[in-house]
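Take a look at the structure set out below.
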Amino acid sequence: MAKDSKTPLLDQLEEGPWPSFVTEIKRAAEKKDSAKDLLHQLERSYVDRIGHWKHGGIVGVKGYGGGVIGRYSDLPEEFPAVAEFHTFRVNMPSAWFYTTEKLRQLCDVWDKHGSGLTNMHGATGDIILLGAPTSELQPCFDDLSEIGFDLGGSGSDMRTPSCCVGPARCEFACIDTLDLLYSVTMEFQDELHRPMFPYKSKIKISGCPNDCVASVARSDFSVIGTWRDSIRVDDAEVANYANEGMDIQSEVVDLCPTKCMAWDAGAKKLSIDNGECNRCMHCINLMPKALRPGKEKGATILVGGKAPIVRGALLSWVIVPFMKMEPPYTEFKELVRKIWEWWDENGKMRERLGELINRLGMRAFLKAVGLPPVPQMIRAPRANPYYFWEPEEVK
Amino acid sequence: MAKDSKTPLLDQLEEGPWPSFVTEIKRAAEKKDSAKDLLHQLERSYVDRIGHWKHGGIVGVKGYGGGVIGRYSDLPEEFPAVAEFHTFRVNMPSAWFYTTEKLRQLCDVWDKHGSGLTNMHGATGDIILLGAPTSELQPCFDDLSEIGFDLGGSGSDMRTPSCCVGPARCEFACIDTLDLLYSVTMEFQDELHRPMFPYKSKIKISGCPNDCVASVARSDFSVIGTWRDSIRVDDAEVANYANEGMDIQSEVVDLCPTKCMAWDAGAKKLSIDNGECNRCMHCINLMPKALRPGKEKGATILVGGKAPIVRGALLSWVIVPFMKMEPPYTEFKELVRKIWEWWDENGKMRERLGELINRLGMRAFLKAVGLPPVPQMIRAPRANPYYFWEPEEVK
Amino acid sequence: MAGKTDFGPPFYKDLLPPVVLKNYGQWKYHERVKPGVLKHVAESGDELYTVRVGSGRLVSTDWIRDVCGIADQFCGGHLRFTSRHNLEFLVSDKEKVEPLIAHLKEQGFAVGGTGHAISNPVHTQGWIHCHTPATDASGIVKAVMDDLYEYFADSKLPAYCRISLACCLNMCGAVHCSDIAILGIHRKPPHINHDTVRAKCEIPNVIAACPTGAIRPDPKEKSLTVNEEKCMYCGNCYTMCPGMPLADPTGDGVSIWVGGKISSARTPPKFSRLAIPFLPNNPPRWPEVTDAVRNIVETWASHAHKHERMGEWIDRIGWERFFDLTGIPFTVQLIDDFTLASETFRSTPAFKW
Amino acid sequence: MAGKTDFGPPFYKDLLPPVVLKNYGQWKYHERVKPGVLKHVAESGDELYTVRVGSGRLVSTDWIRDVCGIADQFCGGHLRFTSRHNLEFLVSDKEKVEPLIAHLKEQGFAVGGTGHAISNPVHTQGWIHCHTPATDASGIVKAVMDDLYEYFADSKLPAYCRISLACCLNMCGAVHCSDIAILGIHRKPPHINHDTVRAKCEIPNVIAACPTGAIRPDPKEKSLTVNEEKCMYCGNCYTMCPGMPLADPTGDGVSIWVGGKISSARTPPKFSRLAIPFLPNNPPRWPEVTDAVRNIVETWASHAHKHERMGEWIDRIGWERFFDLTGIPFTVQLIDDFTLASETFRSTPAFKW
Ligand code: SRM
Ligand code: SRM
Ligand code: SRM
Ligand code: SRM
Ligand code: SF4
Ligand code: SF4
Ligand code: SF4
Ligand code: SF4
Ligand code: SF4
Ligand code: SF4
Ligand code: SF4
Ligand code: SF4
């Protein structure tokens with residue numbers, strides 16, 4: 001453990017109104033040498049303006065191919081307590097709901113085996129237990145399993161799926177995001193825990209087009225709730241919003257992307273041409289008391305979203321405009337399996353689903369997974385004449 | 001010459017209100033065997049549903065590397081009079097203005113040497129003299145030069161530039177399209193007549209953003225007139241348009257892409273926030289009597305437009321937002337030369353300017369030709385992090 | 001003066017009508033007097049009437065002499081052609097406008113093409129003179145314009161509608177930014193005639209000419225083979241080698257593209273996009289093509305707002321709506337799989353049913 | 001039960017508050033009571049108040065115990081976290097809302113982040129735990145949020161403004177669709193330590209790991225060389241080989257991206273686009289970064305229409321206007337030269353001066 005050197009740079013980050021991670025590290029450092037060495041190594045990084053971690057070999061726990069990220073200090077002599085500082089990715093519960101009891105159990109286990117530091121949560125959604133030596137990994141996992149916490153994903157596997165708060169607290173939810181998430185997570189435990197794919201694969205579930213888990217930007221499979229019938233309108237409540245000072249014409253009608261709404265200011269009557277509505281949610285967002293999604297609910301499935309490495313970031317693309325989403329979600333699970341199979345067969349190492357579809361073409365993808373081409377899949381048809389006809393198409 | 005067979009299919013194209021090219025071929029066929037054989041070979045194509053021409057060796061006239069397109073029938077025995085059927089590309093006058101005297105001279109020359117058939121005009125803008133045997137090429141050109149008609153471009157040279165009617169008959173013209181065209185054509189006679197480039201290079205000139213010669217879509221250099229100050233408004237005439245029944249709010253103001261206009265229906269007063277106007281021309285187009293381009297005129301230079309072969313079609317890109325355009329147009333001509341030099345040095349065979357810029361990057365292009373980066377060049381900045389820093393940029 | 005070169009085109013000023021010379025660059029405004037007739041007024045107060053006449057573009061010297069006769073009679077011996085190959089009679093004397101029009105109609109000329117009309121389709125050579133066409137040019141244009149003549153003669157559409165045709169994907173018509181583009185396409189790779197290849201072609205040059213690298217030597221035949229999966233039917237090989245014709249009666253035909261635009265009015269220039277991947281070559285009148293084009297024109301005309309170009313209309317209603325209003329079936333060929341494909345995919349659940 | 005695997009996460013129903021269980025899927029509407037406080041009303045008439053609290057995300061077990069204590073006292077032992085790592089106290093009894101807020105403020109918790117606010121920046125590990133960061137994550141986020149705290153605590157912006165940070169271009173924060181993204185970037189290729197390479201790295205694997213093929217064997221050194229022109233600083237090589245560190249105090253820093261969006265409300269999701277190519281790493285408070293972010297936020301806030309997200313505002317006024325309103329210099333780095341570059345170029349003379 002490092003001598004009790006000062007941390008003048010980090011100390012400055014204890015001031016100010018925003019919660020301070022430095023204060024948190026210091027709290028943990030009271031009890032844990034690893035936290036203390038983390039603090040001092042970080043101070044060193046602030047001085048050097050570079051990180052001091054290096055990648056290590058694969059570490060893990062029995063029966064799992066992922067869920068632990070190995071990390072080693074490149075200054076082990078100075079900071080021995082973080083020479084090995086691996087993190088656990090622990091699968092969070094649906095929509096991040098907890099009882100204080102469960103959280104306390106988690107804290108006890110982590111204080112026993114690790115640094116006492118966590119991320120609540122990681123960007124993928126897991127509970128991140130930040131920093132334990134190799135020797136503590138198995139014992140820590142055994143205690144976690146005792147209290148019913150399993151590992152999340154890492155490496156070339158299905159990553160921990162996540163979902164928005166949905167029906168638990170949101171009137172906009174068109175699908176049961178929490179239940180679907182749990183069901184999918186349980187269905188694909190093997191894929192989650194044992195890397196078997198060309199690369200990582202992510203599933204994120206949002207209850208409506210507001211997409212509060214940002215599924216469209218950061219998951220290979222984006223499931224987004226929607227409806228097929230008409231927006232439900234409560235005229236009296238619409239009038240109330242107007243009376244309470246909302247300028248329905250300029251704030252709602254004029255911002256409707258499809259211009260399918262009309263507002264009769266005199267009669268305080270809003271009319272919607274639902275056939276032209278694209279369900280963007282704007283009007284409902286502004287008047288939740290007056291407008292609600294329709295009753296015939298389901299989800300739009302989009303695939304291919306990812307960060308930029310290596311060919312540039314992708315947003316997920318619509319491949320199924322509407323799918324009913326009821327337990328046991330067989331249709332969805334089978335589609336996921338079929339797509340994984342195709343990806344597994346054709347994907348190069350480190351090639352995400354979206355990149356593979358780009359390389360082999362949407363046509364090949366749709367054919368392989370048996371989805372019919374529909375205009376909802378595209379923003380616009382091709383502008384180039386380079387369609388390669390298959391001999392059987394040319395009669 | 002083919003026996004006087006019937007042409008039942010083509011005959012059907014003599015009916016109907018639209019002018020018939022078949023009638024024209026028949027008229028020429030009265031006098032010319034080549035026209036007659038053309039008619040019959042075409043009838044054959046209508047029966048076979050394929051063309052009957054093949055590409056030939058290079059043909060041409062003394063002192064020129066282009067301007068003639070070689071063409072040979074693949075049925076020379078049946079249609080001997082079109083066994084050789086080459087076309088001349090004759091450089092048209094600016095904006096396609098003619099005196100009847102000049103046109104008659106042209107007809108006489110072409111009746112003497114060729115099929116008596118023409119395209120007035122070709123898609124690039126040339127006068128196309130359609131079909132003469134190899135033996136007639138030089139004599140025909142000699143007679144053309146007698147009457148002051150020179151050849152246009154073909155092959156890997158500067159192609160015949162073209163321009164819109166501009167100041168000759170259009171109040172929207174912000175530059176002297178006819179004069180600029182003539183000056184550029186004369187300046188680059190060598191480039192026009194002697195293929196020396198990696199591939200073809202096209203210049204098209206439109207007097208305003210309506211772009212009546214479609215320069216943005218089909219030329220490597222698109223010169224489009226514009227202005228830098230404010231739209232000139234004649235309030236009385238605006239009111240007149242309103243009085244004559246134009247709905248200025250819905251037809252003009254609401255369709256303004258920048259929403260920089262306001263219409264006071266009561267006062268019949270139109271106001272324009274010129275700072276936000278992007279000079280799209282819509283309002284001026286609708287009210288030419290009331291609105292006119294500003295007085296500080298010049299051109300926007302765009303480059304890279306082309307048809308799809310081989311990497312997909314490109315629309316020209318802004319590289320100089322504003323350039324004054326006054327005789328002798330030195331700044332423009334020097335820019336064209338500089339760009340050609342860069343293209344010549346770096347372009348692969350059959351690589352158009354736009355494709356080269358795409359391959360080497362806009363950054364390399366701007367640096368090479370010494371143009372400063374400005375936001376007018378782009379629709380939006382990059383969305384990917386893949387900027388390759390040059391060592392000298394990293395301090 | 002034979003042997004002289006590089007003297008350039010006739011000097012434009014020698015060819016301009018006096019009224020144009022006098023008012024050059026001094027035009028004040030214009031009016032659309034009626035279909036086919038424009039009136040331009042100069043600062044000087046001078047008026048210039050333009051009477052626009054449709055042309056088949058492929059014309060005989062006799063036709064040129066005919067129109068010269070008319071120009072002598074009504075326009076002091078001056079005329080011009082437009083960027084879409086129409087003919088324009090320029091009349092400085094108002095009195096002569098109606099007589100000119102009467103004379104033109106009597107002679108069977110087509111007056112129109114101005115304003116919100118369908119003007120002359122830009123087109124190309126087709127079977128008349130090129131070696132790589134997948135269809136004819138002049139024939140389809142004639143059939144389409146006969147069918148849509150009312151829209152040329154009158155100016156009754158919501159906005160401009162520019163129809164263009166190119167007979168192969170070289171796209172000489174530069175049709176790729178047209179409201180409606182008719183594009184000839186080949187769908188079969190070249191069939192190789194080994195004897196001709198051996199006799200007439202320089203194997204390395206042919207291989208080099210293929211943009212997709214689809215051509216390989218065939219040592220056994222001392223000839224060439226084509227990797228059919230790579231071929232995109234551009235015809236470059238045929239340009240180099242007569243032994244590799246692409247043309248094929250069943251393989252060749254026409255595709256229909258919509259929504260392109262050149263002007264920057266209201267919205268920036270746009271590419272046309274594929275709406276109908278293939279229609280057969282059915283000469284002499286290509287009924288499948290004329291029906292398809294009319295359907296698109298009239299569906300647009302009956303749904304678009306005033307001043308709304310085809311592409312602007314589609315952008316407003318969405319492509320999913322375009323396909324159901326026109327009844328055009330959506331097929332896999334329409335989905336892009338070329339280099340920028342991902343830009344055309346839909347990345348939002350916000351679409352119409 | 002040690003050795004047990006694949007039992008999955010805790011079952012969500014066991015963790016939901018009673019009011020949620022009872023009204024699950026039966027929520028009728030919500031109101032934004034005040035900054036940091038949401039009220040959801042169920043069909044049953046039940047009310048659920050949510051009090052949102054900012055979190056540094058990197059928290060100690062003591063902090064978790066603290067918030068559990070508060071949840072026991074006011075929320076029947078239930079709480080949740082949000083997709084942006086905020087903490088939410090769920091109160092079914094209206095009476096407890098104000099006392100809870102008072103208690104939270106007293107304990108120094110940050111209440112806010114709802115509605116048209118700047119919520120918790122999604123971020124990543126940085127120098128805390130990753131091996132490829134070009135900057136720290138938690139430190140910049142702390143500095144930026146201290147500076148912008150008023151916009152978290154109050155809901156006074158025209159619309160949502162989502163700020164995200166990722167410490168290298170792997171973009172774990174998935175910042176690429178954020179209103180404002182702060183992205184750590186390396187600008188120098190890895191410097192190679194031949195001894196370490198020889199000792200610790202499997203040459204072929206390292207070569208294979210490079211996405212751009214920039215790495216070649218260096219036979220002489222029995223090591224590797226990097227073709228600097230091809231390197232895009234992704235760090236994959238360092239992941240495979242500790243002998244090729246990328247990190248560099250002057251080469252590393254931060255870039256700023258703007259205008260991204262995830263929701264489909266009004267307009268479809270959009271990527272963020274590069275506005276400032278590089279700012280230096282200047283710990284502990286990165287003043288250049290906090291100033292740049294504040295400038296962008298406030299320029300937007302003072303010019304945007306109500307409900308207009310950053311990217312929607314920029315699309316309306318145009319990027320040329322964005323650069324002059326913010327005073328951010330336009331530099332060549334902002335011009336795309338990657339695979340879809342041509343889609344970002346301007347193909348119209350219709351732009352603003
Ligand atoms: C911990 C976490 C950041 C955080 O602080 O929250 C993280 C950390 C790492 N990510 Fe990530 N990623 C994390 C969420 C993401 C996300 C966001 C998401 O999942 O929603 C993305 C963008 C979405 C996506 O996947 O496209 C993301 C895209 C990447 C990439 C680029 C992948 C790509 O295809 O573009 C890499 C590079 C790689 O996989 O080699 C990467 C690699 C890594 C590695 C494993 C670095 C490496 O190459 O070894 C980081 C380990 C850091 C450490 O030492 O703990 N991480 N990573 C997030 C996981 C926590 C959790 O499980 O909850
Ligand atoms: C005659 C003409 C079509 C017409 O009927 O009007 C024409 C005819 C041919 N063009 Fe073209 N192009 C003609 C205007 C165009 C245009 C339109 C324009 O210039 O505004 C284009 C699209 C704009 C562009 O250049 O991008 C055009 C794009 C091509 C291309 C594709 C070039 C590309 O980079 O994408 C080729 C293929 C090639 O060059 O090998 C081509 C090649 C050809 C060839 C030479 C066929 C060949 O490969 O040998 C054609 C000769 C036909 C013949 O036998 O007469 N032609 N060609 C046009 C020239 C007449 C004139 O000089 O006025
Ligand atoms: C004569 C011609 C120029 C020439 O040098 O030959 C010409 C002449 C005029 N154009 Fe044009 N345009 C001519 C080809 C074009 C083209 C090019 C093309 O079609 O290939 C375009 C771009 C088409 C496109 O956007 O796809 C073109 C886009 C316009 C526009 C923009 C229309 C729009 O709203 O998008 C206007 C403005 C208007 O019509 O109000 C315009 C306006 C005009 C005006 C009114 C300008 C004026 O004040 O005189 C002229 C009469 C238009 C009319 O026909 O009613 N001109 N105009 C061309 C006639 C072609 C023909 O025979 O039909
Ligand atoms: C709690 C949370 C979901 C969760 O499972 O954790 C959530 C909850 C709500 N979101 Fe969200 N959103 C949450 C992340 C998101 C995200 C994802 C993100 O930010 O990473 C988005 C996409 C952001 C984007 O578009 O870039 C998101 C886009 C929206 C929108 C669309 C806003 C827009 O106009 O673009 C709404 C509609 C609205 O605000 O009126 C919305 C509306 C709501 C409502 C009002 C839904 C409801 O009726 O309860 C919830 C309260 C919003 C508020 O904070 O005022 N939520 N919301 C997330 C809170 C994150 C946080 O701590 O700040
Ligand atoms: S995505 Fe929709 S359903 Fe889910 S929390 Fe956000 S607004 Fe509610
Ligand atoms: S959901 Fe969107 S598109 Fe539909 S009516 Fe409301 S605002 Fe318009
Ligand atoms: S481009 Fe402009 S100036 Fe030229 S003819 Fe068309 S409208 Fe007139
Ligand atoms: S020119 Fe276009 S942008 Fe400018 S005011 Fe007129 S309509 Fe608006
Ligand atoms: S489009 Fe093709 S076929 Fe037609 S003229 Fe041009 S090159 Fe020849
Ligand atoms: S047609 Fe074009 S792509 Fe096909 S083989 Fe010939 S040259 Fe190659
Ligand atoms: S963004 Fe890069 S540096 Fe930061 S955590 Fe992810 S992989 Fe590590
Ligand atoms: S940083 Fe990335 S691109 Fe550069 S050499 Fe290493 S692996 Fe290759």
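In the structure tokens, chains take the letters A, B, ... in the order shown, each chain's residues start at 1, and ligands count up from 1 in the order shown.
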
**Message:** Please return as a ChimeraX atom specification the residues found within 8 Å of ligand 9, counting only C-alpha atoms and all ligand atoms.
**Reply:** /C:124-127,129-135,137,166-173,184

**Prompt:** Mind listing as an MDAnalysis selection string which residues of chain B are within 7 Å of chain D, counting only C-alpha atoms?
**Reply:** chainID B and resid 209 276:280 300 315:318 358 361:363 373:383 385:389 394:395

**Request:** Skip Asp291 in chain D itself and residues of its chain fewer than 4 positions away, then list as a list in words all residues within 12 Å of it, counting only C-alpha atoms.
**Result:** Ile140, Ala143, Val144, Met145, Asp146, Asp147, Leu148, Ile256, Leu279, Arg285, Trp286, Pro287, Asn295, Ile296, Val297, Glu298, Thr299, Thr326 and Ile328 of chain D

**Request:** Excluding Lys295 in chain A and any residue of its chain fewer than 4 positions from it, enumerate the residues within 8 Å of it, using only C-alpha atoms, and give them as a list in words.
**Result:** Trp227, Arg228, Asp229 and Ser230 of chain A

Include all heavy atoms and write out the residues we just selected as a PDB file, in the first residue's frame.
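Okay, this is what ended up in result_15.pdb:
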```
ATOM      1  N   TRP A 227     -47.805   1.207 -31.297  1.00  0.00           N
ATOM      2  CA  TRP A 227     -49.200   0.761 -31.423  1.00  0.00           C
ATOM      3  C   TRP A 227     -49.626   0.865 -32.864  1.00  0.00           C
ATOM      4  O   TRP A 227     -49.007   1.555 -33.661  1.00  0.00           O
ATOM      5  CB  TRP A 227     -50.120   1.593 -30.521  1.00  0.00           C
ATOM      6  CG  TRP A 227     -50.182   3.051 -30.898  1.00  0.00           C
ATOM      7  CD1 TRP A 227     -51.127   3.651 -31.689  1.00  0.00           C
ATOM      8  CD2 TRP A 227     -49.266   4.089 -30.512  1.00  0.00           C
ATOM      9  NE1 TRP A 227     -50.855   4.998 -31.816  1.00  0.00           N
ATOM     10  CE2 TRP A 227     -49.724   5.295 -31.108  1.00  0.00           C
ATOM     11  CE3 TRP A 227     -48.107   4.123 -29.724  1.00  0.00           C
ATOM     12  CZ2 TRP A 227     -49.054   6.519 -30.936  1.00  0.00           C
ATOM     13  CZ3 TRP A 227     -47.439   5.347 -29.570  1.00  0.00           C
ATOM     14  CH2 TRP A 227     -47.924   6.520 -30.167  1.00  0.00           C
ATOM     15  N   ARG A 228     -50.715   0.142 -33.186  1.00  0.00           N
ATOM     16  CA  ARG A 228     -51.117   0.064 -34.580  1.00  0.00           C
ATOM     17  C   ARG A 228     -52.416   0.808 -34.869  1.00  0.00           C
ATOM     18  O   ARG A 228     -52.761   1.040 -36.012  1.00  0.00           O
ATOM     19  CB  ARG A 228     -51.251  -1.396 -34.987  1.00  0.00           C
ATOM     20  CG  ARG A 228     -50.771  -1.628 -36.383  1.00  0.00           C
ATOM     21  CD  ARG A 228     -50.502  -3.064 -36.729  1.00  0.00           C
ATOM     22  NE  ARG A 228     -51.061  -4.070 -35.860  1.00  0.00           N
ATOM     23  CZ  ARG A 228     -50.886  -5.390 -36.093  1.00  0.00           C
ATOM     24  NH1 ARG A 228     -50.198  -5.795 -37.148  1.00  0.00           N
ATOM     25  NH2 ARG A 228     -51.385  -6.279 -35.277  1.00  0.00           N
ATOM     26  N   ASP A 229     -53.136   1.149 -33.789  1.00  0.00           N
ATOM     27  CA  ASP A 229     -54.433   1.810 -34.026  1.00  0.00           C
ATOM     28  C   ASP A 229     -54.300   3.317 -33.791  1.00  0.00           C
ATOM     29  O   ASP A 229     -53.291   3.903 -34.172  1.00  0.00           O
ATOM     30  CB  ASP A 229     -55.522   1.162 -33.161  1.00  0.00           C
ATOM     31  CG  ASP A 229     -55.107   1.054 -31.687  1.00  0.00           C
ATOM     32  OD1 ASP A 229     -53.900   1.255 -31.394  1.00  0.00           O
ATOM     33  OD2 ASP A 229     -55.955   0.793 -30.832  1.00  0.00           O
ATOM     34  N   SER A 230     -55.275   3.908 -33.160  1.00  0.00           N
ATOM     35  CA  SER A 230     -55.292   5.371 -33.066  1.00  0.00           C
ATOM     36  C   SER A 230     -54.955   5.887 -31.667  1.00  0.00           C
ATOM     37  O   SER A 230     -55.241   5.228 -30.660  1.00  0.00           O
ATOM     38  CB  SER A 230     -56.689   5.887 -33.441  1.00  0.00           C
ATOM     39  OG  SER A 230     -56.968   5.545 -34.782  1.00  0.00           O
TER      40      SER A 230
END
```

**Request:** Enumerate, as a list in words, the complete set of residues in range 121-165 of chain A that a backbone-based DSSP assignment places in alpha helix (DSSP H).
**Result:**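 Reading the DSSP output for range 121-165 of chain A, alpha helix (DSSP H) covers Thr134, Ser135, Glu136, Leu137, Gln138, Pro139, Cys140, Phe141, Asp142, Asp143, Leu144, Ser145 and Glu146 of chain A.
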
**Request:** Find the spatial neighbours of range 78-83 of chain A, counting only C-alpha atoms, within a cut-off of 8 Å - ignore same-chain residues fewer than 5 positions away - and output them as an MDAnalysis selection string.
**Result:** chainID A and resid 1:2 33:34 37:38 40:41 72:73 131 133

**Item:** Contacts of Thr114 in chain D at 12 Å (only C-alpha atoms; same-chain gap of 6+ positions) as a PyMOL selection string
**Value:** chain D and resi 31-39+50-54+82+84+86-88+120+151-157+159-162

**Request:** Within 8 Å of ligand 12, which residues show up when you count only C-alpha atoms and all ligand atoms? List them as a list of chain:residue names, please.
**Result:**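 These are the residues that qualify: D:Pro189, D:Pro190, D:Val206, D:Ile207, D:Ala209, D:Cys210, D:Pro211, D:Thr212, D:Gly213, D:Ala214, D:Ile215, D:Val226, D:Asn227, D:Glu228, D:Lys230, D:Cys231, D:Met232, D:Tyr233, D:Cys234, D:Gly235, D:Asn236, D:Cys237, D:Tyr238, D:Met244, D:Leu246.
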
**Picked from range 92-332 of chain C by DSSP as strand (DSSP E), as JSON, numbers by chain** = {"C": [163, 164, 165, 166, 180, 181, 182, 183, 184, 185, 215, 216, 217, 218, 223, 224, 225, 226, 253, 254, 255, 256, 257, 258, 273, 274, 275, 276, 277, 278, 279, 280]}

**Message:** Give me, as number ranges by chain, the residues of chain A touching chain B, with the criterion being at most 10 Å (counting only C-alpha atoms).
**Reply:** A: 307-313, 383-386

**Message:** Could you check the closest approach to ligand 7 for each of B:Asp74, B:Glu146, B:Asp111, B:Asp211 and tell me which residue wins, using only C-alpha atoms and all ligand atoms?
**Reply:**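 Ranking B:Asp74, B:Glu146, B:Asp111, B:Asp211 by distance to ligand 7, first place goes to B:Asp211.
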
**Item:** Distance query range 333-337 of chain B at most 12 Å, only C-alpha atoms, self and fewer than 6 positions along chain excluded, as a ChimeraX atom specification
**Value:** /B:158,180-181,183-188,191,197,201-203,220-223,301-303,319-320,323,325-327,343-344,353,366,368-371

**Request:** Within 7 Å of ligand 6, which residues show up when you count only C-alpha atoms and all ligand atoms? List them as a list in words, please.
**Result:** Val252, Val253, Leu255, Cys256, Pro257, Thr258, Lys259, Cys260, Met261, Ile272, Asn274, Cys277, Asn278, Arg279, Cys280, Met281, His282, Cys283 and Ile284 of chain A; Ala265 and Arg266 of chain D
